[in-house]
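Peer 1: I am attaching a structure below and will ask some questions about it afterwards.
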Amino acid sequence: MKESTSLGDRSSERNATWIEQEGSIRLLAADGRTTQPSSIDVWKAVFKNLEVLGGYSVASPTQDLPDIRFEREPARPKISVSRVESGMLRAVVVLTSAEVVVPYTQGTDSVIMKDVWFPVRASDADELIQLISRHALDSSGLLGIKQLISLRLECRSSELLENDLFQERRPEENRNNNEVLATLYPYQHEGVYFLDERRKQGCGSLLADEMGLGKTLQIIVLLVRAQHEHQRPSLVVAPATLIENWRREIARFAPSLRVLAHVGKARAGVAQILQRFDVVLVSYETMMRDESMFSEVSWGIVALDEAQNIKNPTATRTLAAKRLRAATPIAITGTPVENRLHDLWSIVDYCLPNLLGTLAEFEANYSNSEESAQELSRIVAPIVIRRRVAEVAKDLPELIESYVPILASGRLTDEYESLRGSLTDGQSKGAAFALLGKLRMLCAHGADAAAETEPIADSTKGTVLSDLCDESFQQGKKVLIFASYLQTSDRLLDMLRRLHPTAFVESIDGRVAVAERQGIIDSFGAFDGPAALILNPRAAGVGLNITAASHVVHFDPEWNPAVTDQASRRAYRRGQTQRVIVQHLYYVGTVEELVVSRSQAKRKLAEAAASDFQDNVDVIDLLQALKLSPAIPAAQ
């Protein structure tokens, strides 16, 4: 017996042809009547040679409809999220194949998309409809940012279509307030809109743009907008070294805002004084000391600058920051993750508590891997805006980055080998780590750090640096030199002043008072002639704009590429008009070579999420570092 279904009377066979009508496949009988077969029947007629259907004798649909291609596999149902005029979001179920997307209607069991017929598993699509209804604000599928986040947590990434949802910009919303004395770049408009949209929905956010893209200005514009809507003061918490920079930037771009820098012995003693201002600036340390007073205030925006300062979930400053009463918590950092992925948990937990569950749940669900980084990037995307210089600052000049391998001198090799061989069997891991630090210092100083006998100019690396400076000075360029150790900085300062007596040569590190740093930078930029500025990448690698320099030299490599990249951005940022050359010096066959290779690998992992890795040294790094020998390449 031939296979059939229950469409009509099977006892009276009549001829019928397949037709396309109103976007579906139907049967047209000789008497003009049409019937609607199920998708299963159509599929069987195409792929199982079904010849009798509901009493009709039928050919294959491919014969009657040669312009339509029939697919075996069902169309994939997905949730499509888009903006609506109110600034909210709407989620609907659609059917997709390749680049084709059509709305799904409940009860539909097949669909034609661009002359291709697909069966539809209605049960799969209906499950997504129920998923939307569990998270939506109303029956139309309307979502806020928080609802979208909860929906994302329950969905697989393949189930969502969002169409660059978080990069869209509404021109009518992206206007400069008359009280902001600045012309914003388009990506800065987008950033302000992104942050403001979340503020209006009672949601925190993370501004994670790379260094040099103007995060401070975007926050200032947001502060102005927020101040027009409520009278609550906003709070900016920043490292002590950046408080003056914030005060100057607000005075420059938004002079209408009343600003209080809560610093020093003369700072306010009661909460009522804080509430008289539009914006209060405070360092992390002072915020912790005066927490009882700051906790009395109901703040509007609380922005944490250099928010990697709260990466440790159990640190006192992290806990104090999270206890502040903020209507809109905002984290600002170009390096959302400096160590392991769980650092991202701490910052995101400040912006939107419980988004990633408890710390224990987070660590159980996510490993410190590229796959976990990609999954986390998807989950946190609704509250994170992250742009890279290469993506948005198309008008910036060229950046040329290179690594300069250097062979150690015979004397340095001998001292390195002697020091490396001082570790005896049975010594603790702590002793091995201490030795690793000494080896790094030896490479940086050019002689045993304890002896302090060899002038750095006599080291091979010192000679290379001197030659690089000679070339830059002859071309009229100014140079930034980053050195991690104070002793190295002092030796470089002496060397360059001796070799280039007519050049401007100064240094900035933790020993230079914060109030004096800008004056040195101004003098560096104004000097009419060759100039070099020696900086500590941690003390002077953030919050400074030094675009007068177009040549950056990292004298000794850092384990954490984020520290190095931040330092380079002092010169390669908005306002730079010259091509910037960044060079990394390292000794071959030493711990420095391992630091360079590890930092490059960490950058690849960082690109998988809004993150940058990592400052710590694990046991594998330690063992590899202690096996390296500068004597091996020298012998070859």
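Note on naming: chains are A, B, ... as they come in the structure tokens, residues start from 1 per chain, ligands start from 1 in the order shown.
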Please list as a ChimeraX atom specification every residue within 8 Å of Leu235 (chain A), counting only C-alpha atoms and excluding residues in the same chain fewer than 4 positions away.

Peer 2: /A:279-282,299-303

Peer 1: What lies within 9 Å of Arg198 (chain A) using only C-alpha atoms, ignoring chain neighbours under 3 positions off, as a ChimeraX atom specification?

Peer 2: /A:144-145,193-195,201-205,328,383

Peer 1: Hey, can you spit out that residue selection with N, CA and C atoms as a tab-separated table (two decimals), in the first residue's frame?

Peer 2:
```tsv
chain	number	residue	atom	x	y	z
A	144	GLY	N	14.03	45.71	29.00
A	144	GLY	CA	15.02	46.69	29.40
A	144	GLY	C	16.38	46.02	29.37
A	145	ILE	N	17.42	46.77	29.70
A	145	ILE	CA	18.77	46.21	29.68
A	145	ILE	C	18.88	45.04	30.66
A	193	TYR	N	25.88	58.03	24.77
A	193	TYR	CA	24.52	57.51	24.62
A	193	TYR	C	24.38	56.15	25.30
A	194	PHE	N	25.36	55.28	25.09
A	194	PHE	CA	25.35	53.95	25.70
A	194	PHE	C	25.25	54.06	27.23
A	195	LEU	N	26.11	54.87	27.81
A	195	LEU	CA	26.13	55.03	29.27
A	195	LEU	C	24.84	55.68	29.77
A	201	GLN	N	17.83	53.59	32.78
A	201	GLN	CA	17.13	52.35	33.12
A	201	GLN	C	17.58	51.79	34.47
A	202	GLY	N	18.34	52.60	35.23
A	202	GLY	CA	18.76	52.17	36.55
A	202	GLY	C	19.78	51.06	36.52
A	203	CYS	N	20.63	51.10	35.52
A	203	CYS	CA	21.59	50.01	35.32
A	203	CYS	C	23.01	50.59	35.28
A	204	GLY	N	23.95	49.93	35.93
A	204	GLY	CA	25.33	50.36	35.87
A	204	GLY	C	25.98	49.94	34.57
A	205	SER	N	27.24	50.36	34.35
A	205	SER	CA	27.91	50.03	33.10
A	205	SER	C	29.42	50.11	33.28
A	328	THR	N	23.68	54.99	39.91
A	328	THR	CA	24.30	54.52	38.67
A	328	THR	C	25.78	54.24	38.92
A	383	ILE	N	26.27	45.68	29.19
A	383	ILE	CA	26.66	46.78	30.08
A	383	ILE	C	28.10	47.22	29.84
```

Peer 1: Which is closer to Tyr587 (chain A) than all the others in A:Gln275, A:Thr460, A:Gln374, A:Gln227, using only C-alpha atoms?

Peer 2: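 So, comparing all the options, the nearest one is A:Thr460.
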
Peer 1: Residues near Glu391 (chain A), anyone? I mean within 12 Å using only C-alpha atoms, not counting same-chain ones fewer than 6 positions away, as a VMD selection string.

Peer 2: chain A and resid 187 209 to 210 213

Peer 1: Could you tell me, as a ChimeraX atom specification, which residues of region 4-182 of chain A DSSP assigns to alpha helix (DSSP H) when given the backbone?

Peer 2: /A:39-47,61-64,122-135,145-154

Peer 1: Name the closest residue to Ala503 (chain A) among the candidates A:Glu558, A:Asp490, A:Asp470, A:Glu244; distances are taken between atoms, counting only C-alpha atoms.

Peer 2: A:Asp470

Peer 1: What separation in Å, quoted to one decimal, exists between CA of Ala364 (chain A) and CA of Val81 (chain A)?

Peer 2: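 Atom-to-atom, CA of Ala364 (chain A) and CA of Val81 (chain A) are spaced 29.6 Å apart.
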
Peer 1: Within 10 Å of region 264-268 of chain A, counting only C-alpha atoms, which residues qualify if same-chain residues fewer than 4 places away don't, as a list in words?

Peer 2: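 Counting only C-alpha atoms, the residues come to Leu260, Gln272, Ile273, Leu274, Val282, Thr286, Asp290 and Met293 of chain A.
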
Peer 1: Ile332 (chain A): which residues within 8 Å, counting only C-alpha atoms, same-chain residues fewer than 5 positions away excluded, as JSON, numbers by chain?

Peer 2: {"A": [206, 207, 208, 215, 303, 304, 305, 306, 307]}

Peer 1: Could you take the residues named above and write them with C-alpha atoms, as a short mmCIF file (atom, residue, chain, number, x, y, z; two decimals), in the first residue's frame?

Peer 2:
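Okay, this is what ended up in part24.cif:
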```cif
data_model
loop_
_atom_site.label_atom_id
_atom_site.label_comp_id
_atom_site.auth_asym_id
_atom_site.auth_seq_id
_atom_site.Cartn_x
_atom_site.Cartn_y
_atom_site.Cartn_z
CA LEU A 206 31.57 49.54 32.30
CA LEU A 207 33.41 52.00 30.02
CA ALA A 208 36.37 49.95 28.83
CA LYS A 215 37.00 58.11 28.60
CA ALA A 303 32.29 56.50 38.70
CA LEU A 304 35.36 54.46 39.61
CA ASP A 305 38.30 55.55 37.48
CA GLU A 306 41.08 53.00 36.89
CA ALA A 307 38.54 50.48 38.15
#
```

Peer 1: Hey, can you check how far CA of Leu257 (chain A) sits from CA of Asp196 (chain A)?

Peer 2: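 Separating CA of Leu257 (chain A) from CA of Asp196 (chain A) is a distance of 17.7 Å.
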
Peer 1: Any idea what's packed within 6 Å of region 17-29 of chain A, counting only C-alpha atoms, ignoring anything in its chain fewer than 4 positions away? Could you give it as number ranges by chain?

Peer 2: A: 33-36, 61, 64

Peer 1: Between CA of Thr62 (chain A) and CA of Ala30 (chain A), what is the spacing in Å?

Peer 2: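 Result for CA of Ala30 (chain A) versus CA of Thr62 (chain A): 19.2 Å, one decimal.
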
Peer 1: Would you pick out the contacts of Phe473 (chain A) at 10 Å or less, using only C-alpha atoms, so that residues sharing its chain but fewer than 6 positions from it are not included, and give the list as a PyMOL selection string?

Peer 2: chain A and resi 467+479+500+503+529-532

Peer 1: Quick one: of A:Arg232, A:Arg199, A:His551, A:Arg573, who's nearest to Glu401 (chain A), counting only C-alpha atoms?

Peer 2: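 Selected residue with least distance to Glu401 (chain A): A:His551.
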
Peer 1: So, with only C-alpha atoms as the atoms that count, which of A:Arg497, A:Arg386, A:Arg569, A:Arg579 lies closest to Gln188 (chain A)?

Peer 2: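 Once distances to Gln188 (chain A) are computed over only C-alpha atoms, the minimum belongs to A:Arg386.
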